[in-house]
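This report concerns only the one structure given below.
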Amino acid sequence: MSDSKLSRNWVADHIARLPRSGIRDFFELVNTMDDVISLGIGEPDFATPWHVREATIYALQKGFTSYTSNLGYMPLRRSVCRYVAERFGATYDPATECIITVGVSEALDIALRSVLNPGDEVVYHEPCYVSYAPSIAMAHAKPVAVVTKEETQFALDPAAVEAAITPKTKVMLLNFPNNPTGAGLTADDKARLAEIAIRHDLLVITDEIYEDMTYGERSPTIASLPGMKERTLFLNGMSKAHAMTGYRIGYACGPQALIEAMMKVHQYSMLCASSIAQAAAIEALENGDRARDEMHREYEQRRNVIVKRLNELGLPCLLPRGAFYVFPRISGTGLTSDAFARRLLKEQRVAVVPGTAFGACGEGYVRCAYATGLDDIEEAMRRIGRFLATLG
Amino acid sequence: MATQQLKQDILRLLRRNARLPDAEIADRLAVDVAEITAAIAQMEADRELLGYSAVIADGALPDGEVSAIIEVEVQPERDGGFDRIAENLSRFPEVLSVYLVSGRYDLRLAVVGHSLQDVAHFVASKLASQPGVRATATHFMLKTYKEAGIQFHEGEDYERLKVVP
Ligand SMILES: Cc1ncc(COP(=O)(O)O)c(C=O)c1O
């Protein structure tokens with residue numbers, strides 16, 4: 001670090017070692033520009049459904065503004081456990097096997113901090129959400145990435161996972177449907193990964209924040225498979241499917257001993273999630289299916305349009321099985337992901353995220369989010385068409 | 001023949017925006033455009049899709065247009081119940097909608113006219129005098145806030161960050 005004002009290097013070694021996100025400058029550039037159409041936004045463009053916002057206001061009016069139990073407000077834990085049982089096929093006891101967190105972000109952080117000793121290894125897959133490797137490193141463990149490839153629909157190959165396992169491996173971290181590729185896990189994949197986890201005595205942490213946004217067939221969570229409940233932490237939250245990113249509510253379900261350990265970290269670092277946001281989450285889980293499904297239908301239709309357009313433009317792109325991202329291949333343009341994104345932004349004012357933000361293996365791809373209205377998506381596609389034409 | 005699912009998907013889209021081009025419906029639903037056109041024609045022929053109308057802001061049409069909601073209490077008929085009188089009332093061009101409803105009254109009409117007098121005249125001479133109509137209550141409309149799922153005031157507009165990983 002070159003900051004000469006520091007009289008001493010105060011920054012902890014493991015933090016200093018975290019790679020500085022190479023696309024930070026790019027983000028900052030985008031945020032200063034006008035009339036940009038952004039396909040770079042990983043959050044719903046829908047406002048939180050009104051009934052949920054109205055419930056938030058009611059919670060405020062009632063004065064529901066105190067701390068809640070460290071594990072979370074019991075009625076919300078009950079709603080979460082009912083929802084997880086019905087939608088994901090795994091049953092948990094709201095009293096002991098569920099904790100409410102500040103987003104899946106916190107759930108992931110405290111899960112990793114609760115289970116990892118220095119030097120332990122975590123097997124995960126790339127391309128993946130930007131915070132995985134840093135979160136593992138902040139827990140003093142070693143991230144071990146397995147690459148997923150376009151040729152195999154960005155599916156996670158259980159054999160590749162097994163090959164990455166060493167005696168130090170403690171955790172298998174999964175995120176399907178995947179940010180940024182949109183790939184999913186079939187019931188068969190889940191069974192094979194479960195079998196590997198059991199054979200190597202690993203803990204599975206499954207971040208299913210996009211599972212409610214699966215298009216087509218769904219299968220029960222890996223946590224529900226035989227022998228898995230006792231070795232799985234199931235993470236989910238309100239941000240995506242319920243369009244509640246700013247509320248910051250997530251949750252973890254798992255074996256009592258692990259929830260207890262996570263509760264310690266949570267209690268000493270966070271105390272509890274926002275009470276009014278917890279009240280809002282109850283409303284969303286109890287009465288929000290209709291609004292969730294309506295948004296889901298809209299995402300599915302935008303997915304159909306954007307996939308068709310990108311392929312027509314000559315940027316090959318798979319049909320996502322879930323979430324709201326497509327991951328087209330741009331290597332045919334001869335540009336790197338970063339150059340493609342920068343030039344597209346400067347020349348045509350469309351923001352996409354370079355694939356390398358999600359791991360080195362994202363080179364040659366960009367991520368486009370379709371959490372944006374269809375008119376903007378169509379206009380962005382026209383602009384990308386013009387951009388490609390200038391490349392010749 | 002279009003599947004029931006496809007028809008429902010098309011109807012949902014048209015209910016939100018009746019001007020959606022067939023090509024966009026096709027792209028959204030990942031179906032061939034010819035299939036969409038055929039399904040719409042079939043639903044029109046089957047009277048599942050009865051028409052298309054616009055949602056118009058107050059005052060956008062020429063001055064002097066007034067509308068009213070009229071609650072109508074009706075003596076149902078021994079055979080036919082409310083149908084004959086409701087269908088009769090539907091024939092008047094100034095009647096925009098007719099619903100049979102549960103509750104304190106039976107039929108709920110929306111009526112337009114050029115002036116208050118115009119609507120009053122319709123109520124007195126056409127509506128109240130129909131055999132079977134026992135009572136009416138007329139509510140002139142003052143301002144529209146929402147119609148056909150569309151809000152008339154500007155929505156809130158919170159700008160998201162432009163890039164979020
Ligand atoms: C895979 C994945 N996990 C977790 C998160 C964070 O979600 P939350 O808002 O619940 O913290 C995101 C957000 O983009 C994500 O893509």
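Convention: chains lettered A, B, ... in structure tokens order; per-chain residue numbering from 1; ligands numbered from 1 as shown.
Residues surrounding B:Ala30 within 9 Å are Gln301, Asn304, Val305 and Lys308 of chain A; Ile25 and Ala26 of chain B [only C-alpha atoms; sequence separation below 4 positions excluded].
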Based on the selection just made, write N, CA, C and O atoms of those residues as a short mmCIF file (atom, residue, chain, number, x, y, z; two decimals), in the first residue's frame.
```
data_model
loop_
_atom_site.label_atom_id
_atom_site.label_comp_id
_atom_site.auth_asym_id
_atom_site.auth_seq_id
_atom_site.Cartn_x
_atom_site.Cartn_y
_atom_site.Cartn_z
N GLN A 301 -39.57 -13.82 -19.11
CA GLN A 301 -39.82 -13.32 -20.47
C GLN A 301 -38.65 -12.45 -20.94
O GLN A 301 -38.25 -12.51 -22.10
N ASN A 304 -35.91 -14.68 -22.10
CA ASN A 304 -36.11 -15.20 -23.44
C ASN A 304 -35.68 -14.17 -24.48
O ASN A 304 -35.02 -14.50 -25.47
N VAL A 305 -36.03 -12.91 -24.24
CA VAL A 305 -35.71 -11.87 -25.22
C VAL A 305 -34.21 -11.62 -25.28
O VAL A 305 -33.60 -11.59 -26.36
N LYS A 308 -32.18 -14.40 -26.93
CA LYS A 308 -32.39 -14.43 -28.37
C LYS A 308 -31.57 -13.31 -29.03
O LYS A 308 -30.85 -13.54 -30.00
N ILE B 25 -44.55 -10.28 -28.05
CA ILE B 25 -45.15 -11.37 -27.28
C ILE B 25 -44.42 -12.67 -27.61
O ILE B 25 -44.07 -13.46 -26.72
N ALA B 26 -44.15 -12.86 -28.89
CA ALA B 26 -43.47 -14.08 -29.33
C ALA B 26 -42.08 -14.18 -28.69
O ALA B 26 -41.70 -15.23 -28.17
#
```
**Request:** With a distance cut-off of 10 Å and only C-alpha atoms, select the neighbouring residues of stretch 129-144 of chain B, excluding the residue or stretch itself and same-chain residues fewer than 5 positions from it, and output the selection as a ChimeraX atom specification.
**Result:** /B:56-59,66-77,82,85,88-89,105-112,116,119-120,122-124,151-153
**Message:** Can you tell me which residues surround stretch 103-112 of chain A at a distance of at most 7 Å, considering only C-alpha atoms, apart from same-chain residues fewer than 3 positions away, and format the answer as a ChimeraX atom specification?
**Reply:** /A:115-116,135-136,139,235-237,248-252,262,265-266
With C-alpha atoms retained, export the selected residues as a compact mmCIF listing (two decimals), in the first residue's frame.
```txt
# COMPACT_ATOMS: atom_id res chain seq x y z
CA VAL A 115 -16.64 -23.37 10.99
CA LEU A 116 -13.21 -22.61 9.55
CA SER A 135 -15.05 -14.08 2.61
CA ILE A 136 -13.16 -17.35 2.81
CA ALA A 139 -12.08 -16.41 7.76
CA LEU A 235 -28.65 -19.92 3.09
CA ASN A 236 -31.34 -17.78 1.54
CA GLY A 237 -32.75 -14.30 1.85
CA ARG A 248 -31.00 -6.60 4.32
CA ILE A 249 -32.70 -9.77 5.52
CA GLY A 250 -31.25 -13.22 5.01
CA TYR A 251 -31.30 -16.46 6.95
CA ALA A 252 -29.41 -19.65 7.59
CA MET A 262 -23.15 -18.77 14.13
CA VAL A 265 -20.56 -14.63 16.04
CA HIS A 266 -23.77 -12.84 15.08
```
**Request:** Write as an NGL selection string the residues around ligand 1, taking 10 Å as the cut-off and counting only C-alpha atoms and all ligand atoms.
**Result:** (:A and (41-43 or 101-109 or 128-132 or 174-180 or 206-210 or 235-240 or 243-251 or 323-325)) or (:B and (164-165))
**Asked** Residues of stretch 325-361 of chain A in strand (DSSP E or B) according to DSSP, as a list in words?
**Response**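 Taking stretch 325-361 of chain A and keeping strand (DSSP E or B) gives Tyr325, Val326, Arg329, Val350, Ala351, Val353 and Pro354 of chain A.
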Those same residues, written as a compact mmCIF listing (two decimals), in the first residue's frame with C-alpha atoms?
```txt
# COMPACT_ATOMS: atom_id res chain seq x y z
CA TYR A 325 -28.08 -12.90 -15.40
CA VAL A 326 -26.81 -13.98 -18.78
CA ARG A 329 -19.12 -15.02 -24.69
CA VAL A 350 -24.14 0.46 -21.99
CA ALA A 351 -22.77 -0.94 -18.75
CA VAL A 353 -19.76 -6.32 -15.89
CA PRO A 354 -16.51 -7.88 -17.16
```
**Message:** With only C-alpha atoms as the counted atoms, please give the residues lying no more than 6 Å from stretch 91-100 of chain A, apart from itself and same-chain residues fewer than 6 positions off, as a ChimeraX atom specification.
**Reply:** /A:71-72,77-78,81,85,250-256,259
**Request:** Please return, as a PyMOL selection string, all residues of chain B lying within 10 Å of chain A when only C-alpha atoms are considered.
**Result:** chain B and resi 9+13+24-31+156-165
**Asked** Within 12 Å of A:Gly184, counting only C-alpha atoms, which residues qualify if same-chain residues fewer than 4 places away don't, as a ChimeraX atom specification?
**Response** /A:148,152-157,174-180,188-190,208,210-219,221,318-323
**Asked** Got a sec: who's within 12 Å of A:Glu230, counting only C-alpha atoms, leaving out chain neighbours fewer than 2 positions off, as a list in words?
**Response** Ala90, Thr91, Tyr92, Glu97, Ala194, Ala197, Ile198, Asp201, Leu202, Leu203, Val204, Ile205, Ile222, Ala223, Ser224, Leu225, Pro226, Gly227, Met228, Thr232, Leu233, Phe234, Cys253, Gly254, Pro255, Gln256, Ala257, Leu258 and Ile259 of chain A
